[in-house]
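For reference, entry.csv is printed below; it contains CSV, C-alpha atoms and all ligand atoms.
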```
chain,number,residue,atom,x,y,z
B,102,MET,CA,-24.2,8.1,10.9
B,103,LYS,CA,-22.5,7.9,7.5
B,104,SER,CA,-20.4,4.7,7.1
B,105,GLY,CA,-19.1,2.5,4.4
B,106,PHE,CA,-16.3,0.7,2.6
B,107,VAL,CA,-14.2,2.8,0.1
B,108,ALA,CA,-11.9,0.9,-2.3
B,109,VAL,CA,-8.7,3.0,-3.0
B,110,ILE,CA,-7.8,2.1,-6.5
B,111,GLY,CA,-5.3,3.5,-9.1
B,112,LYS,CA,-2.1,2.9,-11.0
B,113,ALA,CA,0.9,1.7,-9.2
B,114,ASN,CA,2.9,4.5,-7.5
B,115,ALA,CA,-0.1,7.0,-7.8
B,116,GLY,CA,0.1,7.7,-4.0
B,117,LYS,CA,-2.8,5.5,-2.7
B,118,SER,CA,-1.1,4.2,0.4
B,119,THR,CA,0.3,7.6,1.3
B,120,LEU,CA,-3.2,9.1,1.0
B,121,VAL,CA,-4.8,6.3,3.1
B,122,ASN,CA,-2.2,6.8,5.8
B,123,VAL,CA,-2.8,10.6,6.1
B,124,LEU,CA,-6.6,10.2,5.9
B,125,VAL,CA,-6.6,7.6,8.6
B,126,GLY,CA,-4.0,9.5,10.6
B,127,GLU,CA,-1.8,6.4,11.2
B,128,LYS,CA,0.6,4.4,9.1
B,129,VAL,CA,-1.4,1.4,8.1
B,130,ALA,CA,0.4,0.8,4.8
B,131,ILE,CA,4.0,1.1,3.7
B,132,VAL,CA,5.0,3.6,1.0
B,133,SER,CA,7.9,3.7,-1.4
B,134,PRO,CA,8.9,5.6,-4.6
B,135,LYS,CA,8.8,2.2,-6.5
B,136,PRO,CA,5.7,0.9,-8.2
B,137,GLN,CA,4.1,-2.3,-6.8
B,138,THR,CA,4.9,-1.5,-3.2
B,139,THR,CA,1.5,-2.6,-1.8
B,140,ARG,CA,0.8,-6.3,-2.4
B,141,ASP,CA,-2.2,-6.9,-0.1
B,142,ARG,CA,-5.6,-5.4,0.5
B,143,ILE,CA,-5.2,-3.3,3.6
B,144,LEU,CA,-8.0,-1.8,5.7
B,145,GLY,CA,-7.6,1.7,7.2
B,146,VAL,CA,-10.5,3.1,9.2
B,147,TYR,CA,-11.2,6.8,9.6
B,148,ASN,CA,-13.5,7.9,12.5
B,149,ALA,CA,-15.0,11.3,13.1
B,150,GLU,CA,-18.2,12.7,14.5
B,151,GLY,CA,-21.0,11.1,12.6
B,152,VAL,CA,-18.8,9.3,10.0
B,153,GLN,CA,-16.8,6.2,9.7
B,154,ILE,CA,-14.9,5.5,6.4
B,155,ALA,CA,-13.4,2.0,6.0
B,156,PHE,CA,-10.7,2.6,3.3
B,157,VAL,CA,-9.5,-0.5,1.5
B,158,ASP,CA,-6.0,0.2,0.1
B,159,THR,CA,-5.1,-2.0,-2.9
B,160,PRO,CA,-2.1,-3.0,-5.0
B,161,GLY,CA,-1.6,-0.5,-7.9
B,162,ILE,CA,-2.5,-1.3,-11.5
B,163,TYR,CA,0.8,-2.3,-13.2
B,164,LYS,CA,1.7,-4.4,-16.2
B,165,SER,CA,3.9,-7.2,-15.1
B,166,LYS,CA,4.1,-10.9,-15.8
B,167,THR,CA,4.5,-12.9,-12.6
B,168,ALA,CA,1.9,-14.9,-10.8
B,169,LEU,CA,2.3,-12.6,-7.8
B,170,SER,CA,1.4,-9.5,-10.0
B,171,ASP,CA,-1.6,-11.4,-11.5
B,172,MET,CA,-2.8,-12.1,-8.0
B,173,MET,CA,-2.3,-8.4,-7.0
B,174,MET,CA,-4.3,-7.2,-10.0
B,175,ARG,CA,-7.1,-9.6,-9.0
B,176,THR,CA,-7.0,-8.2,-5.5
B,177,ALA,CA,-7.4,-4.7,-6.8
B,178,GLU,CA,-10.2,-5.7,-9.1
B,179,ASN,CA,-12.1,-7.7,-6.5
B,180,SER,CA,-11.7,-4.9,-3.9
B,181,ALA,CA,-13.5,-2.5,-6.2
B,182,LYS,CA,-16.6,-4.6,-6.2
B,183,ASP,CA,-19.0,-4.8,-3.3
B,184,VAL,CA,-18.0,-1.4,-1.8
B,185,GLU,CA,-20.0,1.8,-1.3
B,186,LEU,CA,-17.5,4.0,-3.1
B,187,ILE,CA,-14.4,3.8,-5.3
B,188,LEU,CA,-11.8,6.4,-4.5
B,189,TYR,CA,-9.7,6.5,-7.7
B,190,VAL,CA,-6.3,8.0,-7.0
B,191,HIS,CA,-4.7,9.7,-9.9
B,192,ASP,CA,-1.1,11.1,-9.9
B,193,GLY,CA,-1.8,14.6,-11.1
B,194,HIS,CA,1.8,15.6,-11.7
B,195,LYS,CA,1.9,13.1,-14.5
B,196,GLY,CA,-0.9,14.7,-16.5
B,197,VAL,CA,-3.8,12.7,-17.9
B,198,SER,CA,-2.9,10.0,-20.5
B,199,ASP,CA,-5.2,7.9,-22.6
B,200,SER,CA,-4.5,4.9,-20.3
B,201,ASP,CA,-5.6,7.0,-17.3
B,202,VAL,CA,-8.9,7.8,-19.0
B,203,ALA,CA,-9.4,4.1,-20.0
B,204,LEU,CA,-8.7,2.9,-16.5
B,205,MET,CA,-11.1,5.5,-14.9
B,206,LYS,CA,-13.8,4.4,-17.4
B,207,HIS,CA,-13.1,0.8,-16.5
B,208,TYR,CA,-13.9,1.5,-12.9
B,209,LEU,CA,-16.8,3.8,-13.6
B,210,ALA,CA,-18.3,0.8,-15.4
B,211,PHE,CA,-18.5,-1.1,-12.1
B,212,LYS,CA,-21.5,1.1,-11.4
B,213,VAL,CA,-20.2,1.9,-7.9
B,214,PRO,CA,-20.1,5.7,-7.1
B,215,MET,CA,-16.7,7.1,-7.7
B,216,ILE,CA,-14.6,10.1,-6.6
B,217,ILE,CA,-11.2,10.9,-8.2
B,218,ALA,CA,-8.5,12.1,-5.8
B,219,TYR,CA,-6.1,14.0,-8.1
B,220,THR,CA,-3.0,13.9,-5.9
B,221,LYS,CA,0.6,15.2,-5.7
B,222,THR,CA,-0.6,18.7,-6.5
B,223,ASP,CA,2.4,20.0,-4.5
B,224,ILE,CA,4.8,19.0,-7.2
B,225,MET,CA,3.0,20.4,-10.3
B,226,PRO,CA,2.0,23.8,-11.6
B,227,GLU,CA,-1.5,24.6,-10.1
B,228,GLY,CA,-2.5,25.9,-13.5
B,229,ASN,CA,-2.6,22.4,-14.9
B,230,ILE,CA,-5.4,21.3,-12.7
B,231,PRO,CA,-8.4,23.0,-14.4
B,232,ALA,CA,-7.2,21.8,-17.8
B,233,ASP,CA,-6.9,18.2,-16.6
B,234,VAL,CA,-10.3,18.3,-14.9
B,235,LYS,CA,-11.8,19.7,-18.1
B,236,ARG,CA,-10.2,16.9,-20.1
B,237,LEU,CA,-11.7,14.3,-17.8
B,238,TYR,CA,-15.2,15.8,-18.1
B,239,GLU,CA,-14.8,16.0,-21.9
B,240,GLU,CA,-13.9,12.3,-21.9
B,241,GLY,CA,-17.2,11.6,-20.2
B,242,ILE,CA,-15.7,10.9,-16.8
B,243,ASP,CA,-18.6,12.2,-14.8
B,244,CYS,CA,-17.6,12.2,-11.2
B,245,ASP,CA,-16.2,14.5,-8.6
B,246,VAL,CA,-12.5,15.3,-9.0
B,247,VAL,CA,-10.9,16.5,-5.8
B,248,PRO,CA,-7.3,17.9,-6.1
B,249,VAL,CA,-5.2,17.0,-3.0
B,250,SER,CA,-1.7,16.7,-1.7
B,251,ALA,CA,-1.2,13.9,0.7
B,252,ARG,CA,2.3,15.0,1.4
B,253,LYS,CA,1.3,18.6,2.2
B,254,GLY,CA,-2.0,17.7,3.7
B,255,LYS,CA,-3.8,19.9,1.2
B,256,ASN,CA,-7.6,19.7,0.7
B,257,LEU,CA,-7.9,16.5,2.7
B,258,ASP,CA,-10.9,17.8,4.7
B,259,LYS,CA,-12.7,18.5,1.4
B,260,LEU,CA,-12.0,15.0,0.2
B,261,LYS,CA,-13.3,13.4,3.4
B,262,GLU,CA,-16.4,15.5,3.2
B,263,ALA,CA,-17.0,14.5,-0.4
B,264,ILE,CA,-16.6,10.9,0.5
B,265,ALA,CA,-18.8,11.1,3.6
B,266,GLU,CA,-21.5,12.8,1.6
B,267,MET,CA,-21.7,9.8,-0.8
B,268,LEU,CA,-21.8,7.1,1.9
B,269,PRO,CA,-25.1,5.7,3.1
B,270,GLU,CA,-26.6,6.2,6.5
B,271,GLY,CA,-25.8,3.2,8.7
B,272,GLU,CA,-24.1,1.8,11.8
B,273,PRO,CA,-20.3,1.8,12.4
B,274,LEU,CA,-18.6,-1.1,10.7
B,275,PHE,CA,-15.8,-1.4,13.2
B,276,PRO,CA,-15.3,-0.4,16.8
B,277,GLU,CA,-13.7,3.0,17.1
B,278,ASP,CA,-10.3,1.6,18.3
B,279,VAL,CA,-9.9,-0.5,15.2
B,280,LEU,CA,-7.6,1.3,12.7
B,281,SER,CA,-6.5,-1.6,10.5
B,282,ASP,CA,-7.2,-5.3,9.9
B,283,LYS,CA,-3.5,-6.1,9.9
B,284,SER,CA,-1.6,-7.5,12.8
B,285,GLU,CA,1.6,-6.1,14.3
B,286,LYS,CA,3.4,-9.1,12.9
B,287,PHE,CA,2.2,-8.2,9.4
B,288,MET,CA,3.4,-4.6,9.8
B,289,ILE,CA,6.8,-5.9,11.0
B,290,ALA,CA,7.2,-7.9,7.7
B,291,GLU,CA,6.0,-4.9,5.7
B,292,ILE,CA,8.4,-2.5,7.4
B,293,MET,CA,11.3,-4.8,6.5
B,294,ARG,CA,10.0,-4.9,2.9
B,295,GLU,CA,9.7,-1.1,2.9
B,296,LYS,CA,13.3,-0.7,3.9
B,297,ILE,CA,14.4,-3.1,1.2
B,298,LEU,CA,12.3,-1.2,-1.4
B,299,LEU,CA,14.1,2.0,-0.4
B,300,ARG,CA,17.6,0.5,-0.3
B,301,TYR,CA,17.8,-1.8,-3.4
B,302,ASP,CA,17.0,-1.2,-7.1
B,303,LYS,CA,15.6,-2.9,-10.2
B,304,GLU,CA,14.0,-6.3,-9.7
B,305,ILE,CA,15.6,-7.1,-6.3
B,306,PRO,CA,13.0,-5.5,-4.0
B,307,HIS,CA,10.1,-6.8,-6.2
B,308,GLY,CA,11.5,-10.3,-5.8
B,309,VAL,CA,11.6,-10.1,-2.0
B,310,ALA,CA,9.1,-11.7,0.4
B,311,VAL,CA,9.5,-11.4,4.2
B,312,LEU,CA,8.6,-14.2,6.4
B,313,VAL,CA,8.5,-13.5,10.2
B,314,ASN,CA,9.4,-16.7,12.1
B,315,THR,CA,9.5,-15.1,15.6
B,316,PHE,CA,7.6,-12.1,16.9
B,317,GLN,CA,7.6,-12.2,20.6
B,318,LYS,CA,7.6,-9.8,23.5
B,319,ARG,CA,9.9,-10.7,26.3
B,320,GLU,CA,8.4,-11.2,29.7
B,321,GLU,CA,10.8,-8.6,31.2
B,322,GLY,CA,11.7,-5.3,29.7
B,323,ASN,CA,10.0,-3.5,26.9
B,324,LEU,CA,11.6,-5.6,24.2
B,325,TYR,CA,10.6,-7.8,21.2
B,326,ASP,CA,12.5,-10.6,19.6
B,327,VAL,CA,12.0,-10.6,15.9
B,328,ASP,CA,13.5,-13.2,13.6
B,329,LEU,CA,12.7,-13.2,10.0
B,330,ASP,CA,13.6,-14.6,6.6
B,331,ILE,CA,14.2,-12.3,3.6
B,332,ILE,CA,13.3,-14.5,0.7
B,333,CYS,CA,14.7,-13.6,-2.7
B,334,GLU,CA,14.3,-15.3,-6.0
B,335,LYS,CA,17.9,-15.6,-7.3
B,336,ALA,CA,21.3,-16.5,-5.9
B,337,ASN,CA,22.8,-13.3,-7.3
B,338,HIS,CA,20.1,-11.2,-5.7
B,339,LYS,CA,21.1,-12.8,-2.3
B,340,ALA,CA,24.7,-11.6,-2.9
B,341,ILE,CA,23.5,-8.0,-3.6
B,342,LEU,CA,21.1,-8.0,-0.7
B,343,ILE,CA,23.9,-9.0,1.7
B,344,GLY,CA,26.5,-6.8,0.0
B,345,ARG,CA,30.3,-6.7,0.6
B,346,GLN,CA,31.2,-7.9,4.0
B,347,GLY,CA,27.5,-7.9,4.8
B,348,ARG,CA,27.4,-4.1,4.9
B,349,ALA,CA,24.3,-3.5,2.8
B,350,LEU,CA,22.2,-6.0,4.8
B,351,LYS,CA,23.5,-4.6,8.1
B,352,GLU,CA,22.5,-1.1,7.2
B,353,THR,CA,19.1,-2.1,5.9
B,354,LEU,CA,18.4,-4.1,9.1
B,355,SER,CA,19.4,-1.2,11.2
B,356,PHE,CA,16.9,1.1,9.4
B,357,ALA,CA,14.2,-1.5,9.7
B,358,ARG,CA,14.9,-2.1,13.4
B,359,LYS,CA,14.6,1.6,14.2
B,360,SER,CA,11.3,1.8,12.2
B,361,MET,CA,10.0,-1.3,14.0
B,362,GLU,CA,10.9,0.2,17.4
B,363,GLU,CA,9.0,3.3,16.5
B,364,PHE,CA,6.0,1.3,15.4
B,365,LEU,CA,6.0,-0.9,18.5
B,366,GLY,CA,7.1,1.7,21.0
B,367,ALA,CA,9.6,-0.9,22.3
B,368,LYS,CA,13.2,-2.1,21.7
B,369,VAL,CA,13.6,-4.7,19.0
B,370,PHE,CA,16.2,-7.4,18.9
B,371,LEU,CA,16.2,-8.2,15.1
B,372,THR,CA,17.8,-11.2,13.4
B,373,ALA,CA,17.4,-12.0,9.7
B,374,TYR,CA,18.6,-14.5,7.2
B,375,VAL,CA,18.5,-14.1,3.4
B,376,LYS,CA,17.2,-17.2,1.6
B,377,VAL,CA,16.8,-18.1,-2.0
B,378,LYS,CA,13.6,-19.6,-3.3
B,379,ASP,CA,14.0,-19.8,-7.1
B,380,ASP,CA,11.3,-17.8,-8.9
B,381,TRP,CA,9.0,-18.0,-5.9
B,382,ARG,CA,6.8,-15.2,-7.4
B,383,ASP,CA,5.6,-17.7,-10.0
B,384,LYS,CA,5.0,-20.6,-7.6
B,385,ALA,CA,1.4,-20.9,-6.3
B,386,ASN,CA,2.4,-22.9,-3.2
B,387,LEU,CA,5.1,-20.4,-2.2
B,388,LEU,CA,2.8,-17.4,-2.8
B,389,LYS,CA,0.4,-19.0,-0.4
B,390,GLU,CA,3.2,-19.8,2.1
B,391,TYR,CA,4.3,-16.1,2.1
B,392,GLY,CA,0.7,-14.9,2.7
B,393,TYR,CA,-0.2,-13.8,-0.8
B,394,GLU,CA,-3.7,-14.9,-1.6
B,395,ASP,CA,-6.5,-13.2,-3.6
B,396,GLY,CA,-8.1,-10.6,-1.3
B,397,SER,CA,-11.5,-9.0,-1.4
B,398,LYS,CA,-13.6,-7.1,1.0
B,399,SER,CA,-15.5,-10.1,2.0
B,400,SER,CA,-12.4,-11.6,3.5
B,401,LEU,CA,-12.0,-8.6,5.9
L,501,LIG,N1,5.1,15.0,-3.8
L,501,LIG,C1,4.2,14.1,-3.4
L,501,LIG,N2,4.6,12.8,-3.4
L,501,LIG,C2,3.7,11.9,-3.0
L,501,LIG,C3,2.4,12.2,-2.6
L,501,LIG,N3,1.7,11.1,-2.3
L,501,LIG,C4,2.6,10.1,-2.5
L,501,LIG,N4,3.8,10.5,-2.9
L,501,LIG,C5,5.0,9.7,-3.2
L,501,LIG,O1,4.7,8.9,-4.3
L,501,LIG,C6,5.4,7.6,-4.1
L,501,LIG,C7,4.4,6.5,-4.2
L,501,LIG,O2,3.5,6.5,-3.1
L,501,LIG,P1,2.7,5.3,-2.6
L,501,LIG,O3,1.7,5.8,-1.5
L,501,LIG,O4,3.6,4.2,-2.2
L,501,LIG,O5,1.9,4.9,-3.9
L,501,LIG,P2,0.9,3.7,-4.1
L,501,LIG,O6,-0.1,4.2,-5.1
L,501,LIG,O7,0.4,3.1,-2.8
L,501,LIG,O8,1.8,2.7,-4.9
L,501,LIG,P3,1.6,1.0,-5.0
L,501,LIG,O9,1.4,0.5,-3.7
L,501,LIG,O10,2.9,0.6,-5.6
L,501,LIG,O11,0.5,0.9,-6.0
L,501,LIG,C8,6.1,7.7,-2.8
L,501,LIG,O12,7.4,8.1,-3.1
L,501,LIG,C9,5.4,8.8,-2.1
L,501,LIG,O13,6.2,9.5,-1.1
L,501,LIG,C10,2.0,13.6,-2.6
L,501,LIG,O14,0.9,14.1,-2.3
L,501,LIG,N5,3.0,14.5,-3.1
L,502,MG,MG,0.5,1.3,-2.0
```
Same coordinates, now as structure tokens:
Amino acid sequence: MKSGFVAVIGKANAGKSTLVNVLVGEKVAIVSPKPQTTRDRILGVYNAEGVQIAFVDTPGIYKSKTALSDMMMRTAENSAKDVELILYVHDGHKGVSDSDVALMKHYLAFKVPMIIAYTKTDIMPEGNIPADVKRLYEEGIDCDVVPVSARKGKNLDKLKEAIAEMLPEGEPLFPEDVLSDKSEKFMIAEIMREKILLRYDKEIPHGVAVLVNTFQKREEGNLYDVDLDIICEKANHKAILIGRQGRALKETLSFARKSMEEFLGAKVFLTAYVKVKDDWRDKANLLKEYGYEDGSKSSL
């Protein structure tokens, strides 16, 4: 069979996690309209007759100046090494800029086979696609460009075929029932972070980490107890997160709980506390405590 690791790389907010989720057919990574949503390397496995594709979703490339961002950039960079293929995700509706070309060339220089998924074609004039593809070829970017829409599910079979074709013959890398390398507890923390990314603006969601203290199924009834800390980096962020009379937090927790219940297929009893850890994003010991460490495929 065809099998291999595929690093999913691209600028922040390009649509990498959305694409991985639809390709795998399950939500393995959270998604939001804000850049820097994904902070970890996340495995998502696609299985079909004669093919297994182990997608490695990564944090998007983004210029920012915290130790957390630096670590995220290293994670993306390391994930692109030691894989069978790089799937470079480009947000087609933004056109093609010089920085896109430079980044694509940077990854081509890894000497790993590469395919470009030119995504979000549902929100752009179709006529722009040939011109952009031509520009890429003229720039010397000599690899397959596959226009897709993750949102509308367009051309995904073609993309999977193009990927499978470039993978080597080999044994499956994971048993068929393994879809991700992340635990339910990890996804619970991520769902909380996703709802915070959707609800709050500016630096607030980027300065949040979620630490799950309790994740336990009760012996009776289909019910989980979840207790977590929402860590923010400034006292004024805490006030905004909680909101007047606690309303903002209550609403956000309610959205998160519903989403957790859907994910677990069970009732969730959710309690949460907002805590301040000054500038945790720049403190190595706290980054580690909250689970942010350099990731590469070899740690899968
Ligand atoms: N219209 C449209 N929107 C999309 C598509 N794919 C993703 N999006 C949207 O683009 C935004 C970013 O999507 P993500 O999947 O979180 O992007 P990402 O590349 O993983 O972002 P980071 O994790 O921050 O690097 C979200 O609002 C998605 O709903 C698509 O095919 N069409
Ligand atoms: Mg992402």
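Comparing the minimum interatomic distances between ligand MG 502 (chain L) and each of B:Lys359, B:Lys212, B:Lys221, B:Arg142, counting only C-alpha atoms and all ligand atoms, we find that B:Arg142 sits nearest.
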Requested in this report: List the neighbours of stretch 123-125 of chain B out to 10 Å using only C-alpha atoms; skip same-chain residues closer than 6 positions along the sequence, and give me the result as number ranges by chain.
Outcome: B: 144-148, 154-156, 250-254, 257-258, 260-261, 280-281
Query - Test item: residues no farther than 10 Å from ligand MG 502 (chain L), counting all atoms listed in the file, as a ChimeraX atom specification - result: /B:109-122,130-143,158-161
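Remark: for B:Met102, the closest of the candidate residues B:Ala218, B:Ala210, B:Met174, B:Ala265 is B:Ala265 (distances computed over all atoms listed in the file).
Between B:Ile242 and the candidates B:Lys255, B:Leu268, B:Lys339, B:His207, the tightest atom-to-atom separation, counting only C-alpha atoms, involves B:His207.
For the atom pair formed by atom CA of B:Gly366 and atom CA of B:Phe287, the distance is 16.0 Å, given to one decimal.
One distance worth recording is that between atom CA of B:Leu365 and atom CA of B:Leu342, which is 25.4 Å.
The residue that comes closest to ligand LIG 501 (chain L), out of B:Ala108, B:Leu298, B:Ile224, B:Val377 and on the basis of all atoms listed in the file, is B:Ile224.
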Requested in this report: Report the distance between atom CA of B:Pro214 and atom C6 of ligand LIG 501 (chain L) in Å, rounded to one decimal place.
Outcome: 25.7 Å
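Minimum distance to ligand LIG 501 (chain L) across B:Thr220, B:Gln346, B:Thr372, B:Gln153 (counting only C-alpha atoms and all ligand atoms) occurs at B:Thr220.
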Requested in this report: Excluding B:Pro231 and residues on its chain fewer than 4 positions from it, collect all residues at most 12 Å away from it, counting only C-alpha atoms, and give them as a list in words.
Outcome: Gly193, Gly196, Val197, Tyr219, Thr222, Pro226, Glu227, Lys235, Arg236, Leu237, Tyr238, Val246, Val247 and Pro248 of chain B
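The shell of residues at most 10 Å from B:Asn314, with all atoms listed in the file counted and near chain neighbours (fewer than 6 positions) removed, consists of Lys286, Val327, Asp328, Leu329, Asp330 and Ala373 of chain B.
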